[in-house]
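File shown here: coords.csv, holding CSV, C-alpha atoms.
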```csv
chain,number,residue,atom,x,y,z
A,1,MET,CA,49.8,-10.5,-13.9
A,2,TYR,CA,47.2,-8.9,-11.6
A,3,ASP,CA,45.5,-5.5,-11.6
A,4,PHE,CA,45.3,-5.4,-7.8
A,5,ALA,CA,47.2,-7.2,-5.0
A,6,ILE,CA,45.9,-6.9,-1.5
A,7,ILE,CA,48.4,-7.8,1.3
A,8,GLY,CA,46.6,-9.1,4.4
A,9,GLY,CA,43.7,-11.5,4.8
A,10,GLY,CA,42.0,-9.8,7.8
A,11,ILE,CA,38.6,-8.2,7.6
A,12,VAL,CA,39.9,-5.0,6.1
A,13,GLY,CA,41.9,-6.7,3.4
A,14,LEU,CA,39.1,-9.0,2.5
A,15,SER,CA,36.5,-6.2,2.5
A,16,THR,CA,38.8,-4.2,0.2
A,17,ALA,CA,39.2,-7.0,-2.2
A,18,MET,CA,35.4,-7.6,-2.3
A,19,SER,CA,34.8,-3.9,-2.9
A,20,ILE,CA,37.3,-3.8,-5.8
A,21,GLY,CA,35.5,-6.8,-7.3
A,22,ASN,CA,32.2,-5.0,-7.0
A,23,ARG,CA,33.6,-1.8,-8.6
A,24,TYR,CA,35.7,-3.5,-11.2
A,25,PRO,CA,34.1,-6.9,-12.1
A,26,ASP,CA,36.7,-7.7,-14.7
A,27,ALA,CA,39.7,-6.9,-12.5
A,28,ARG,CA,42.3,-9.6,-11.8
A,29,ILE,CA,42.5,-9.5,-8.0
A,30,LEU,CA,45.0,-11.2,-5.7
A,31,VAL,CA,44.8,-11.5,-1.9
A,32,LEU,CA,48.0,-12.6,0.0
A,33,GLU,CA,47.8,-13.9,3.6
A,34,LYS,CA,50.8,-15.4,5.4
A,35,GLU,CA,48.8,-17.4,7.8
A,36,SER,CA,46.9,-20.7,7.1
A,37,GLN,CA,43.5,-19.2,7.6
A,38,TRP,CA,41.7,-15.9,7.1
A,39,ALA,CA,41.1,-13.4,10.0
A,40,PHE,CA,43.9,-15.1,12.1
A,41,HIS,CA,45.1,-12.1,14.1
A,42,GLN,CA,43.2,-8.9,15.1
A,43,THR,CA,40.0,-9.8,13.4
A,44,GLY,CA,39.8,-13.3,14.8
A,45,ASN,CA,40.7,-12.3,18.4
A,46,ASN,CA,38.5,-9.3,18.9
A,47,SER,CA,35.4,-9.1,21.1
A,48,GLY,CA,32.9,-9.4,18.2
A,49,VAL,CA,31.1,-6.1,18.9
A,50,ILE,CA,29.3,-4.2,16.2
A,51,HIS,CA,30.2,-0.8,17.5
A,52,SER,CA,27.9,2.2,17.3
A,53,GLY,CA,30.5,5.0,16.9
A,54,ILE,CA,29.7,6.9,20.1
A,55,TYR,CA,33.3,7.3,21.3
A,56,TYR,CA,34.9,8.9,18.2
A,57,LYS,CA,35.6,12.5,17.4
A,58,PRO,CA,32.8,14.0,15.2
A,59,GLY,CA,33.9,14.3,11.6
A,60,SER,CA,36.7,11.7,12.0
A,61,PHE,CA,36.9,8.6,9.7
A,62,LYS,CA,36.2,6.4,12.8
A,63,ALA,CA,33.0,8.3,13.6
A,64,LYS,CA,31.7,8.2,10.0
A,65,PHE,CA,32.9,4.8,9.0
A,66,CYS,CA,31.7,3.2,12.3
A,67,ARG,CA,28.3,4.8,12.2
A,68,ASP,CA,27.7,3.9,8.6
A,69,GLY,CA,29.5,0.6,9.0
A,70,SER,CA,27.3,-0.6,11.8
A,71,LEU,CA,24.3,-0.3,9.4
A,72,SER,CA,26.0,-1.9,6.4
A,73,MET,CA,27.4,-4.7,8.6
A,74,ILE,CA,23.9,-5.5,9.9
A,75,GLU,CA,22.5,-5.4,6.4
A,76,PHE,CA,25.3,-7.8,5.2
A,77,CYS,CA,24.6,-10.2,8.1
A,78,GLN,CA,20.9,-10.1,7.3
A,79,LYS,CA,21.5,-10.7,3.6
A,80,TYR,CA,23.8,-13.7,4.1
A,81,GLU,CA,22.1,-15.1,7.2
A,82,ILE,CA,25.1,-14.6,9.5
A,83,GLU,CA,24.1,-14.9,13.1
A,84,HIS,CA,24.1,-11.5,14.9
A,85,ASP,CA,22.2,-9.7,17.7
A,86,ILE,CA,21.6,-6.0,18.0
A,87,CYS,CA,21.4,-6.2,21.8
A,88,GLY,CA,22.4,-2.7,22.7
A,89,LYS,CA,24.8,-1.7,25.5
A,90,VAL,CA,25.0,0.4,28.6
A,91,ILE,CA,27.8,2.8,29.5
A,92,VAL,CA,27.8,3.5,33.2
A,93,ALA,CA,29.3,6.0,35.6
A,94,THR,CA,30.3,4.2,38.9
A,95,GLU,CA,31.3,7.4,40.7
A,96,GLU,CA,29.9,10.9,40.9
A,97,GLN,CA,33.0,12.4,39.4
A,98,GLU,CA,32.4,10.4,36.2
A,99,LEU,CA,29.0,12.0,35.5
A,100,PRO,CA,30.4,15.1,33.6
A,101,ARG,CA,32.4,12.7,31.3
A,102,LEU,CA,29.2,10.6,30.8
A,103,GLU,CA,27.3,13.8,29.8
A,104,THR,CA,30.1,14.6,27.3
A,105,LEU,CA,29.9,11.1,25.9
A,106,TYR,CA,26.1,11.4,25.5
A,107,ASN,CA,26.5,14.7,23.6
A,108,ARG,CA,29.1,13.1,21.4
A,109,GLY,CA,26.7,10.3,20.6
A,110,LEU,CA,24.1,12.9,19.5
A,111,GLU,CA,26.7,14.8,17.4
A,112,ASN,CA,27.6,11.5,15.6
A,113,GLY,CA,23.9,10.8,14.9
A,114,ILE,CA,23.7,7.7,17.1
A,115,PRO,CA,20.5,6.7,18.9
A,116,VAL,CA,21.4,7.2,22.6
A,117,GLN,CA,19.4,7.7,25.8
A,118,LYS,CA,20.4,9.0,29.2
A,119,ILE,CA,19.1,6.6,31.9
A,120,SER,CA,18.9,6.6,35.7
A,121,PRO,CA,20.6,3.9,37.9
A,122,GLU,CA,17.1,2.3,38.3
A,123,GLU,CA,16.7,2.2,34.5
A,124,VAL,CA,20.1,0.7,34.1
A,125,LYS,CA,19.1,-2.1,36.6
A,126,GLU,CA,16.0,-2.8,34.4
A,127,ILE,CA,18.5,-3.7,31.6
A,128,GLU,CA,21.4,-5.1,33.7
A,129,PRO,CA,20.1,-6.0,37.1
A,130,HIS,CA,23.5,-6.7,38.6
A,131,VAL,CA,25.2,-3.4,37.7
A,132,SER,CA,26.0,-0.8,40.3
A,133,CYS,CA,26.2,2.8,39.0
A,134,VAL,CA,25.2,6.4,39.6
A,135,GLY,CA,24.0,7.0,36.0
A,136,GLY,CA,24.2,5.6,32.5
A,137,ILE,CA,23.7,5.8,28.8
A,138,ARG,CA,21.8,3.3,26.7
A,139,VAL,CA,23.2,2.8,23.2
A,140,PHE,CA,20.6,1.0,21.1
A,141,SER,CA,22.6,0.2,17.9
A,142,THR,CA,25.4,-1.8,19.4
A,143,GLY,CA,25.4,-5.5,18.5
A,144,ILE,CA,27.5,-8.7,18.5
A,145,VAL,CA,28.6,-11.0,15.7
A,146,ASN,CA,31.4,-13.5,14.9
A,147,TYR,CA,33.7,-11.6,12.6
A,148,LYS,CA,35.4,-14.8,11.4
A,149,GLN,CA,32.1,-15.9,9.9
A,150,VAL,CA,31.9,-12.5,8.2
A,151,CYS,CA,35.4,-12.9,6.8
A,152,LEU,CA,34.7,-16.4,5.5
A,153,LYS,CA,31.7,-14.9,3.6
A,154,TYR,CA,33.8,-12.1,2.2
A,155,ALA,CA,36.3,-14.7,1.0
A,156,GLU,CA,33.6,-16.7,-0.6
A,157,ILE,CA,32.3,-13.7,-2.4
A,158,ILE,CA,35.8,-12.8,-3.7
A,159,GLU,CA,36.2,-16.3,-5.1
A,160,ASN,CA,32.9,-16.1,-6.8
A,161,GLN,CA,34.0,-12.7,-8.3
A,162,GLY,CA,37.1,-14.6,-9.7
A,163,GLY,CA,39.6,-13.4,-7.2
A,164,ASP,CA,42.8,-15.4,-6.5
A,165,LEU,CA,43.1,-16.1,-2.7
A,166,ARG,CA,46.5,-17.3,-1.4
A,167,LEU,CA,47.0,-18.5,2.1
A,168,ASN,CA,50.4,-19.4,3.6
A,169,THR,CA,51.9,-16.8,1.4
A,170,LYS,CA,54.3,-14.3,3.2
A,171,VAL,CA,55.4,-11.1,1.5
A,172,LEU,CA,59.2,-10.7,1.6
A,173,GLN,CA,60.0,-7.9,-0.7
A,174,ILE,CA,58.3,-5.4,-3.1
A,175,SER,CA,60.1,-4.0,-6.1
A,176,HIS,CA,59.1,-1.9,-9.2
A,177,SER,CA,59.2,-3.3,-12.7
A,178,GLY,CA,58.4,-0.4,-15.1
A,179,LYS,CA,54.9,0.7,-14.2
A,180,ASN,CA,54.1,-2.5,-12.3
A,181,GLN,CA,55.2,-3.9,-9.0
A,182,VAL,CA,56.6,-7.3,-8.2
A,183,ILE,CA,55.8,-8.9,-4.8
A,184,GLU,CA,58.3,-11.5,-3.7
A,185,THR,CA,56.9,-14.1,-1.4
A,186,ASN,CA,57.8,-17.5,0.1
A,187,LYS,CA,55.6,-19.0,-2.7
A,188,GLY,CA,57.1,-17.2,-5.6
A,189,SER,CA,56.7,-13.7,-7.1
A,190,PHE,CA,53.5,-11.9,-8.3
A,191,GLU,CA,53.3,-8.9,-10.6
A,192,THR,CA,50.6,-6.3,-10.2
A,193,GLN,CA,49.6,-2.9,-11.3
A,194,PHE,CA,48.5,-1.7,-7.8
A,195,VAL,CA,49.2,-2.8,-4.3
A,196,ILE,CA,46.9,-2.3,-1.3
A,197,ASN,CA,48.5,-2.9,2.1
A,198,CYS,CA,46.1,-4.2,4.8
A,199,ALA,CA,48.8,-6.1,6.8
A,200,GLY,CA,47.6,-4.9,10.3
A,201,LEU,CA,50.3,-5.6,12.8
A,202,HIS,CA,52.9,-5.5,10.0
A,203,SER,CA,51.4,-2.7,8.0
A,204,ASP,CA,54.2,-0.2,8.7
A,205,ARG,CA,56.9,-2.7,7.5
A,206,ILE,CA,55.0,-3.5,4.3
A,207,ALA,CA,54.6,0.2,3.7
A,208,LYS,CA,58.3,0.7,3.9
A,209,LEU,CA,58.9,-2.3,1.5
A,210,GLY,CA,56.6,-0.4,-0.9
A,211,LYS,CA,58.7,2.9,-0.4
A,212,ALA,CA,55.8,4.6,1.5
A,213,ASN,CA,56.3,6.5,4.7
A,214,PRO,CA,53.4,6.2,7.2
A,215,GLU,CA,55.2,8.6,9.6
A,216,ALA,CA,54.2,6.3,12.4
A,217,LYS,CA,55.3,2.9,13.9
A,218,ILE,CA,53.0,0.0,14.9
A,219,VAL,CA,53.3,-0.7,18.6
A,220,PRO,CA,51.5,-3.9,19.7
A,221,PHE,CA,49.3,-3.8,22.8
A,222,ARG,CA,48.0,-7.1,24.1
A,223,GLY,CA,44.5,-7.1,25.5
A,224,GLU,CA,43.9,-9.9,28.0
A,225,TYR,CA,40.5,-11.3,28.8
A,226,TYR,CA,38.7,-13.5,31.4
A,227,GLU,CA,35.5,-15.3,30.8
A,228,LEU,CA,32.6,-15.8,33.1
A,229,THR,CA,32.0,-19.4,34.1
A,230,PRO,CA,28.8,-20.8,32.5
A,231,GLU,CA,26.9,-20.7,35.8
A,232,LYS,CA,27.7,-17.0,36.2
A,233,ARG,CA,26.7,-15.8,32.8
A,234,TYR,CA,23.3,-14.6,34.1
A,235,LEU,CA,25.2,-11.6,35.6
A,236,VAL,CA,25.4,-10.0,32.1
A,237,LYS,CA,22.5,-9.6,29.7
A,238,THR,CA,24.1,-7.5,27.0
A,239,LEU,CA,27.2,-5.3,27.0
A,240,ILE,CA,28.4,-3.2,30.0
A,241,TYR,CA,31.1,-0.5,29.6
A,242,PRO,CA,32.6,2.0,32.0
A,243,VAL,CA,32.9,5.7,31.2
A,244,PRO,CA,36.3,5.8,29.4
A,245,ASN,CA,39.2,7.7,31.0
A,246,PRO,CA,39.9,10.7,28.6
A,247,ASP,CA,43.6,10.6,29.7
A,248,PHE,CA,44.1,7.0,28.5
A,249,PRO,CA,43.6,5.8,24.9
A,250,PHE,CA,41.7,2.6,25.7
A,251,LEU,CA,38.1,1.9,26.9
A,252,GLY,CA,38.8,0.1,30.2
A,253,VAL,CA,37.7,-3.3,31.2
A,254,HIS,CA,34.1,-4.2,30.4
A,255,PHE,CA,31.7,-7.1,30.0
A,256,THR,CA,30.8,-8.4,26.6
A,257,ARG,CA,28.2,-11.1,25.8
A,258,MET,CA,29.5,-12.9,22.7
A,259,ILE,CA,27.3,-14.4,20.0
A,260,ASP,CA,27.9,-17.9,21.4
A,261,ASN,CA,26.4,-16.7,24.7
A,262,SER,CA,29.7,-16.7,26.6
A,263,VAL,CA,30.6,-13.5,28.5
A,264,HIS,CA,34.1,-12.0,28.2
A,265,ALA,CA,35.5,-9.6,30.7
A,266,GLY,CA,38.3,-7.2,29.8
A,267,PRO,CA,40.6,-6.3,28.2
A,268,ASN,CA,43.5,-4.6,29.9
A,269,ALA,CA,46.1,-3.0,27.6
A,270,VAL,CA,49.8,-3.9,28.0
A,271,LEU,CA,52.7,-3.6,25.7
A,272,SER,CA,53.3,-6.8,23.9
A,273,LEU,CA,57.0,-7.9,23.5
A,274,LYS,CA,56.1,-9.4,20.1
A,275,ARG,CA,53.8,-8.1,17.4
A,276,GLU,CA,51.9,-11.4,17.5
A,277,GLY,CA,52.5,-11.9,21.2
A,278,TYR,CA,49.3,-13.4,22.6
A,279,LYS,CA,51.0,-14.8,25.7
A,280,LYS,CA,52.9,-13.0,28.4
A,281,THR,CA,56.0,-15.1,27.6
A,282,ASP,CA,56.0,-14.3,23.8
A,283,PHE,CA,59.1,-12.4,22.8
A,284,ASP,CA,60.6,-11.3,19.5
A,285,LEU,CA,63.9,-9.5,19.6
A,286,ARG,CA,63.3,-7.5,16.5
A,287,ASP,CA,59.8,-6.4,17.6
A,288,PHE,CA,61.0,-5.5,21.1
A,289,ALA,CA,64.0,-3.6,19.8
A,290,GLU,CA,62.0,-1.5,17.4
A,291,VAL,CA,59.6,-0.4,20.2
A,292,ILE,CA,62.3,0.1,22.9
A,293,THR,CA,64.5,2.3,20.6
A,294,TYR,CA,61.6,4.3,19.3
A,295,PRO,CA,61.5,7.8,20.8
A,296,GLY,CA,57.7,8.0,20.5
A,297,PHE,CA,57.3,5.0,22.8
A,298,TRP,CA,59.1,6.6,25.7
A,299,LYS,CA,57.2,9.8,25.3
A,300,LEU,CA,53.9,7.9,25.4
A,301,ALA,CA,55.1,5.8,28.4
A,302,ALA,CA,56.0,9.0,30.3
A,303,LYS,CA,52.7,10.6,29.6
A,304,HIS,CA,50.6,7.6,30.7
A,305,ALA,CA,52.9,6.1,33.3
A,306,ASP,CA,50.3,5.8,36.1
A,307,GLU,CA,47.7,4.2,33.9
A,308,GLY,CA,50.3,2.0,32.3
A,309,ILE,CA,51.5,0.7,35.7
A,310,GLN,CA,47.9,-0.2,36.6
A,311,GLU,CA,47.4,-2.1,33.3
A,312,ILE,CA,50.6,-4.1,34.1
A,313,ILE,CA,49.4,-4.9,37.6
A,314,ARG,CA,46.0,-6.1,36.2
A,315,SER,CA,48.0,-8.3,33.8
A,316,PHE,CA,49.8,-10.1,36.5
A,317,SER,CA,47.2,-9.9,39.3
A,318,LYS,CA,43.8,-11.5,38.9
A,319,ALA,CA,42.7,-9.9,42.1
A,320,ALA,CA,43.4,-6.4,40.6
A,321,PHE,CA,41.6,-7.4,37.4
A,322,VAL,CA,38.6,-8.6,39.4
A,323,LYS,CA,38.6,-5.4,41.5
A,324,SER,CA,38.2,-3.3,38.3
A,325,LEU,CA,35.3,-5.5,37.2
A,326,GLN,CA,33.6,-5.2,40.6
A,327,LYS,CA,33.2,-1.5,40.0
A,328,LEU,CA,30.6,-2.5,37.4
A,329,ILE,CA,29.2,-5.7,39.0
A,330,PRO,CA,30.1,-6.0,42.7
A,331,GLU,CA,28.9,-9.6,42.8
A,332,VAL,CA,31.7,-10.9,40.5
A,333,GLN,CA,34.3,-12.9,42.4
A,334,ALA,CA,37.6,-14.4,41.3
A,335,ALA,CA,36.2,-17.9,41.2
A,336,ASP,CA,33.6,-16.7,38.6
A,337,LEU,CA,36.3,-16.0,36.0
A,338,VAL,CA,38.6,-18.1,34.0
A,339,PRO,CA,41.3,-16.9,31.5
A,340,THR,CA,40.5,-16.9,27.8
A,341,HIS,CA,42.3,-15.9,24.7
A,342,ALA,CA,44.0,-12.5,24.3
A,343,GLY,CA,44.1,-10.2,21.3
A,344,VAL,CA,46.9,-7.9,20.1
A,345,ARG,CA,46.0,-4.4,18.9
A,346,ALA,CA,48.1,-2.9,16.1
A,347,GLN,CA,48.3,0.8,17.3
A,348,ALA,CA,50.1,3.3,15.2
A,349,LEU,CA,52.3,5.7,17.3
A,350,LYS,CA,54.0,8.9,16.1
A,351,SER,CA,57.5,9.9,17.0
A,352,ASN,CA,56.2,12.7,19.2
A,353,GLY,CA,54.5,10.2,21.4
A,354,SER,CA,51.0,10.7,20.3
A,355,LEU,CA,48.8,7.8,19.2
A,356,VAL,CA,47.2,8.0,15.8
A,357,ASP,CA,43.6,8.2,17.0
A,358,ASP,CA,41.9,7.8,13.6
A,359,PHE,CA,42.2,5.4,10.7
A,360,LEU,CA,45.4,6.1,8.8
A,361,ILE,CA,45.4,5.5,5.0
A,362,VAL,CA,48.6,6.5,3.2
A,363,GLN,CA,49.0,7.0,-0.6
A,364,GLY,CA,52.1,5.5,-2.2
A,365,LYS,CA,53.3,5.0,-5.8
A,366,ASN,CA,50.6,2.8,-7.3
A,367,SER,CA,49.7,1.8,-3.8
A,368,ILE,CA,47.6,2.5,-0.8
A,369,HIS,CA,48.6,1.6,2.7
A,370,VAL,CA,46.2,1.1,5.6
A,371,CYS,CA,48.6,1.9,8.5
A,372,ASN,CA,46.2,2.3,11.4
A,373,ALA,CA,43.0,0.3,11.6
A,374,PRO,CA,42.4,-0.9,15.2
A,375,SER,CA,38.8,-1.0,16.6
A,376,PRO,CA,36.3,-0.2,15.2
A,377,ALA,CA,37.8,-1.5,11.9
A,378,ALA,CA,35.8,-4.7,11.9
A,379,THR,CA,32.5,-2.8,12.3
A,380,SER,CA,33.7,-0.3,9.7
A,381,SER,CA,35.2,-2.8,7.3
A,382,LEU,CA,32.6,-2.5,4.5
A,383,GLU,CA,32.9,1.3,4.6
A,384,ILE,CA,36.8,1.2,4.8
A,385,GLY,CA,36.8,-1.1,1.7
A,386,LYS,CA,34.6,1.3,-0.3
A,387,ALA,CA,36.7,4.3,0.8
A,388,ILE,CA,39.9,2.6,-0.3
A,389,VAL,CA,38.5,1.8,-3.7
A,390,ALA,CA,37.3,5.4,-4.0
A,391,GLN,CA,40.9,6.6,-3.4
A,392,ILE,CA,42.5,4.5,-6.2
A,393,PRO,CA,43.8,7.1,-8.6
A,394,GLN,CA,42.5,6.1,-12.0
A,395,GLU,CA,45.3,7.9,-13.9
A,396,SER,CA,47.9,5.6,-12.3
A,397,LEU,CA,46.3,2.5,-13.6
A,398,LEU,CA,46.0,0.9,-17.1
A,399,LEU,CA,42.6,-0.4,-16.3
A,400,LYS,CA,40.4,-1.0,-19.3
A,401,MET,CA,37.5,-2.6,-17.5
A,402,ALA,CA,33.9,-1.5,-17.2
A,403,VAL,CA,33.0,0.1,-14.0
A,404,LYS,CA,29.9,-1.6,-12.5
A,405,ASN,CA,27.1,0.8,-12.0
```

Same coordinates, now as structure tokens:
Amino acid sequence: MYDFAIIGGGIVGLSTAMSIGNRYPDARILVLEKESQWAFHQTGNNSGVIHSGIYYKPGSFKAKFCRDGSLSMIEFCQKYEIEHDICGKVIVATEEQELPRLETLYNRGLENGIPVQKISPEEVKEIEPHVSCVGGIRVFSTGIVNYKQVCLKYAEIIENQGGDLRLNTKVLQISHSGKNQVIETNKGSFETQFVINCAGLHSDRIAKLGKANPEAKIVPFRGEYYELTPEKRYLVKTLIYPVPNPDFPFLGVHFTRMIDNSVHAGPNAVLSLKREGYKKTDFDLRDFAEVITYPGFWKLAAKHADEGIQEIIRSFSKAAFVKSLQKLIPEVQAADLVPTHAGVRAQALKSNGSLVDDFLIVQGKNSIHVCNAPSPAATSSLEIGKAIVAQIPQESLLLKMAVKN
């Protein structure tokens, strides 16, 4: 019998379990993860960026959690001696027509309370000598880290708090037993007072098992990356981003220096035919059928048809991918790039064809469901965990444990 059961062992699930342990030191906490290791999917395949929060709508969860989360993540890494680097990044306009959008982005950064600076093309070259642009923004608070290492530390802290961590444990069903809930898994059943769903790519399905309605469906988008060969890593000093297209919900291909000094280029954004489809050939009939029969998908596809076609072309044509990267660094050639691992983004989509553009946290009966937590969820994980704990309705629990001050 547990007080809390968290489904999902990615960075949000582990952060939530840790936050519960901090808030309720006597709580019996269970974390269930179907894979053989923590941070196996979105967390373990992201670009490792500690985001600043410049892109997000002022007042949104993403804007607040990301801004505060970047600070708390840095503090966490410093406290536990996790390697990280606050290297900053530049966002550059490569064409004159992008300058108004760059100005808008700069103003949004100021609204979100982020240290940003407008810089000239000459000043951009002082930071990134190989970039070609007509203007830029310097974002000082952006950094890089290995989020798998962060997750392993979260898991260690949960164990020290007395939490029960279960890998290789897949949730099959959720039922109610009086005031409690019974979670059926491939490793037996577990009874708990409260369920917190942090299942990422499967969060909408887990929500439905728990009789909650997120009013959105997870649609998986694969992001494919190339990596600069070691002898070409000198082309990128920090992080280099284009001005995002406001008509398309992704940031565009960019250059990211990783904490191990490798440099990743990408990603594109293409529909994955499997929720955990990291390869072009990956296919799952159930996953594919759910997307292809969902009215929201066709409305989204119609709205972004031109951009979607370009993303598909980049997926199958290295030359097209390289051409996009050359807008930022003209020196980059196809021979300088080798394929590296892809990631899959769990993006919630409404039936009207609009993407859920903020974190989506849904209340259920004695449960909370995190049904949209793509980037910048890793950066924001400590703040998301604290926010989830704050939303736990005390009257629905039989908790008789001291709250830690």

Mind running range 141-218 of chain A against range 70-87 of chain A at 6 Å and telling me each contacting residue's nearest atom pair with the distance in Å (one decimal), counting only C-alpha atoms, chain and number ascending, as a tab-separated table?
```
residue	atom	partner	partner_atom	distance
A:Thr142	CA	A:Ile86	CA	5.8
A:Gly143	CA	A:Ile86	CA	3.9
A:Ile144	CA	A:Asp85	CA	5.5
A:Val145	CA	A:His84	CA	4.6
```

I need the chosen residues saved as a short mmCIF file (atom, residue, chain, number, x, y, z; two decimals), in the coordinates of the input, with C-alpha atoms.
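Written out: selection.cif:
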```
data_model
loop_
_atom_site.label_atom_id
_atom_site.label_comp_id
_atom_site.auth_asym_id
_atom_site.auth_seq_id
_atom_site.Cartn_x
_atom_site.Cartn_y
_atom_site.Cartn_z
CA THR A 142 25.40 -1.80 19.40
CA GLY A 143 25.40 -5.50 18.50
CA ILE A 144 27.50 -8.70 18.50
CA VAL A 145 28.60 -11.00 15.70
#
```

**OP:** Please provide the set of residues having any atom within 6 Å of Ile54 in chain A, restricted to only C-alpha atoms, with same-chain residues fewer than 2 positions apart removed, written as a PyMOL selection string.
**Re:** chain A and resi 52+56+109

Could you produce a table of the residues of range 106-186 of chain A lying within 10 Å of range 192-197 of chain A, with the nearest pair of atoms per residue and their separation in Å rounded to one decimal, using only C-alpha atoms, ordered by chain and increasing residue number, as JSON lines?
```
{"residue": "A:Ile174", "atom": "CA", "partner": "A:Val195", "partner_atom": "CA", "distance": 9.5}
{"residue": "A:His176", "atom": "CA", "partner": "A:Thr192", "partner_atom": "CA", "distance": 9.6}
{"residue": "A:Ser177", "atom": "CA", "partner": "A:Thr192", "partner_atom": "CA", "distance": 9.4}
{"residue": "A:Gly178", "atom": "CA", "partner": "A:Gln193", "partner_atom": "CA", "distance": 9.9}
{"residue": "A:Lys179", "atom": "CA", "partner": "A:Gln193", "partner_atom": "CA", "distance": 7.0}
{"residue": "A:Asn180", "atom": "CA", "partner": "A:Gln193", "partner_atom": "CA", "distance": 4.6}
{"residue": "A:Gln181", "atom": "CA", "partner": "A:Thr192", "partner_atom": "CA", "distance": 5.3}
{"residue": "A:Val182", "atom": "CA", "partner": "A:Thr192", "partner_atom": "CA", "distance": 6.4}
{"residue": "A:Ile183", "atom": "CA", "partner": "A:Thr192", "partner_atom": "CA", "distance": 7.9}
```

Extract, using only C-alpha atoms, all DNA, RNA and protein residues at most 7 Å from Thr238 in chain A, discarding same-chain residues fewer than 6 positions from it, and format them as a PDB file with C-alpha atoms, in the coordinates of the input.
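To be explicit, this is the file written out as part_15.pdb:
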```
ATOM      1  CA  CYS A  87      21.400  -6.200  21.800  1.00  0.00           C
ATOM      2  CA  GLY A  88      22.400  -2.700  22.700  1.00  0.00           C
ATOM      3  CA  LYS A  89      24.800  -1.700  25.500  1.00  0.00           C
ATOM      4  CA  THR A 256      30.800  -8.400  26.600  1.00  0.00           C
ATOM      5  CA  ARG A 257      28.200 -11.100  25.800  1.00  0.00           C
TER       6      ARG A 257
END
```

Original post:
Between CA of Gly48 in chain A and CA of Asn146 in chain A, what is the distance, to one decimal in Å?
Top reply: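 Straight-line distance from CA of Gly48 in chain A to CA of Asn146 in chain A works out to 5.5 Å.
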
**OP:** May I have the protein, DNA and RNA residues with an atom at most 10 Å from (33.8, -13.2, 22.2), counting all atoms listed in the file in the file's coordinates, returned as a list of chain:residue names?
**Re:**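 These residues have at least one counted atom within 10 Å: A:Gly44, A:Asn45, A:Asn46, A:Ser47, A:Gly48, A:Val49, A:Ile144, A:Val145, A:Asn146, A:Tyr147, A:Tyr225, A:Glu227, A:Thr256, A:Arg257, A:Met258, A:Ile259, A:Asp260, A:Asn261, A:Ser262, A:Val263, A:His264, A:Ala265, A:Thr340, A:His341.
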
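For the choices A:Ala207, A:Ile313, A:Val243, A:Ala289, the atom-to-atom distance to Glu96 in chain A is smallest for A:Val243 when using all atoms listed in the file.
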
Original post:
Could you state the separation of CA of Asn107 in chain A and CA of Phe61 in chain A in Å, given to one decimal place?
Top reply: 18.4 Å

Original post:
Between A:Glu191, A:Asp284, A:Glu103, A:Glu35, which one has atoms that come closest to Thr169 in chain A, using all atoms listed in the file?
Top reply: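 Looking at the shortest contact to Thr169 in chain A, the residue is A:Glu35.
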
Subject >> Residues within 12 Å of (54.2, 1.9, 22.2), counting only C-alpha atoms, listed as a ChimeraX atom specification >> reply: /A:216-222,249,269-275,287-305,308,345-356

I need the residues from that last selection saved to file as a compact mmCIF listing (two decimals), in the frame of the given file (with C-alpha atoms), if you can.
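And here's selection-v8.txt as it stands now:
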```txt
# COMPACT_ATOMS: atom_id res chain seq x y z
CA ALA A 216 54.20 6.30 12.40
CA LYS A 217 55.30 2.90 13.90
CA ILE A 218 53.00 0.00 14.90
CA VAL A 219 53.30 -0.70 18.60
CA PRO A 220 51.50 -3.90 19.70
CA PHE A 221 49.30 -3.80 22.80
CA ARG A 222 48.00 -7.10 24.10
CA PRO A 249 43.60 5.80 24.90
CA ALA A 269 46.10 -3.00 27.60
CA VAL A 270 49.80 -3.90 28.00
CA LEU A 271 52.70 -3.60 25.70
CA SER A 272 53.30 -6.80 23.90
CA LEU A 273 57.00 -7.90 23.50
CA LYS A 274 56.10 -9.40 20.10
CA ARG A 275 53.80 -8.10 17.40
CA ASP A 287 59.80 -6.40 17.60
CA PHE A 288 61.00 -5.50 21.10
CA ALA A 289 64.00 -3.60 19.80
CA GLU A 290 62.00 -1.50 17.40
CA VAL A 291 59.60 -0.40 20.20
CA ILE A 292 62.30 0.10 22.90
CA THR A 293 64.50 2.30 20.60
CA TYR A 294 61.60 4.30 19.30
CA PRO A 295 61.50 7.80 20.80
CA GLY A 296 57.70 8.00 20.50
CA PHE A 297 57.30 5.00 22.80
CA TRP A 298 59.10 6.60 25.70
CA LYS A 299 57.20 9.80 25.30
CA LEU A 300 53.90 7.90 25.40
CA ALA A 301 55.10 5.80 28.40
CA ALA A 302 56.00 9.00 30.30
CA LYS A 303 52.70 10.60 29.60
CA HIS A 304 50.60 7.60 30.70
CA ALA A 305 52.90 6.10 33.30
CA GLY A 308 50.30 2.00 32.30
CA ARG A 345 46.00 -4.40 18.90
CA ALA A 346 48.10 -2.90 16.10
CA GLN A 347 48.30 0.80 17.30
CA ALA A 348 50.10 3.30 15.20
CA LEU A 349 52.30 5.70 17.30
CA LYS A 350 54.00 8.90 16.10
CA SER A 351 57.50 9.90 17.00
CA ASN A 352 56.20 12.70 19.20
CA GLY A 353 54.50 10.20 21.40
CA SER A 354 51.00 10.70 20.30
CA LEU A 355 48.80 7.80 19.20
CA VAL A 356 47.20 8.00 15.80
```

Subject >> Residue neighbourhood Glu123 in chain A, 12 Å, all atoms listed in the file, exclusion window fewer than 6 positions, as JSON, numbers by chain >> reply: {"A": [90, 92, 117, 129, 130, 131, 132, 133, 134, 135, 136, 137, 138]}
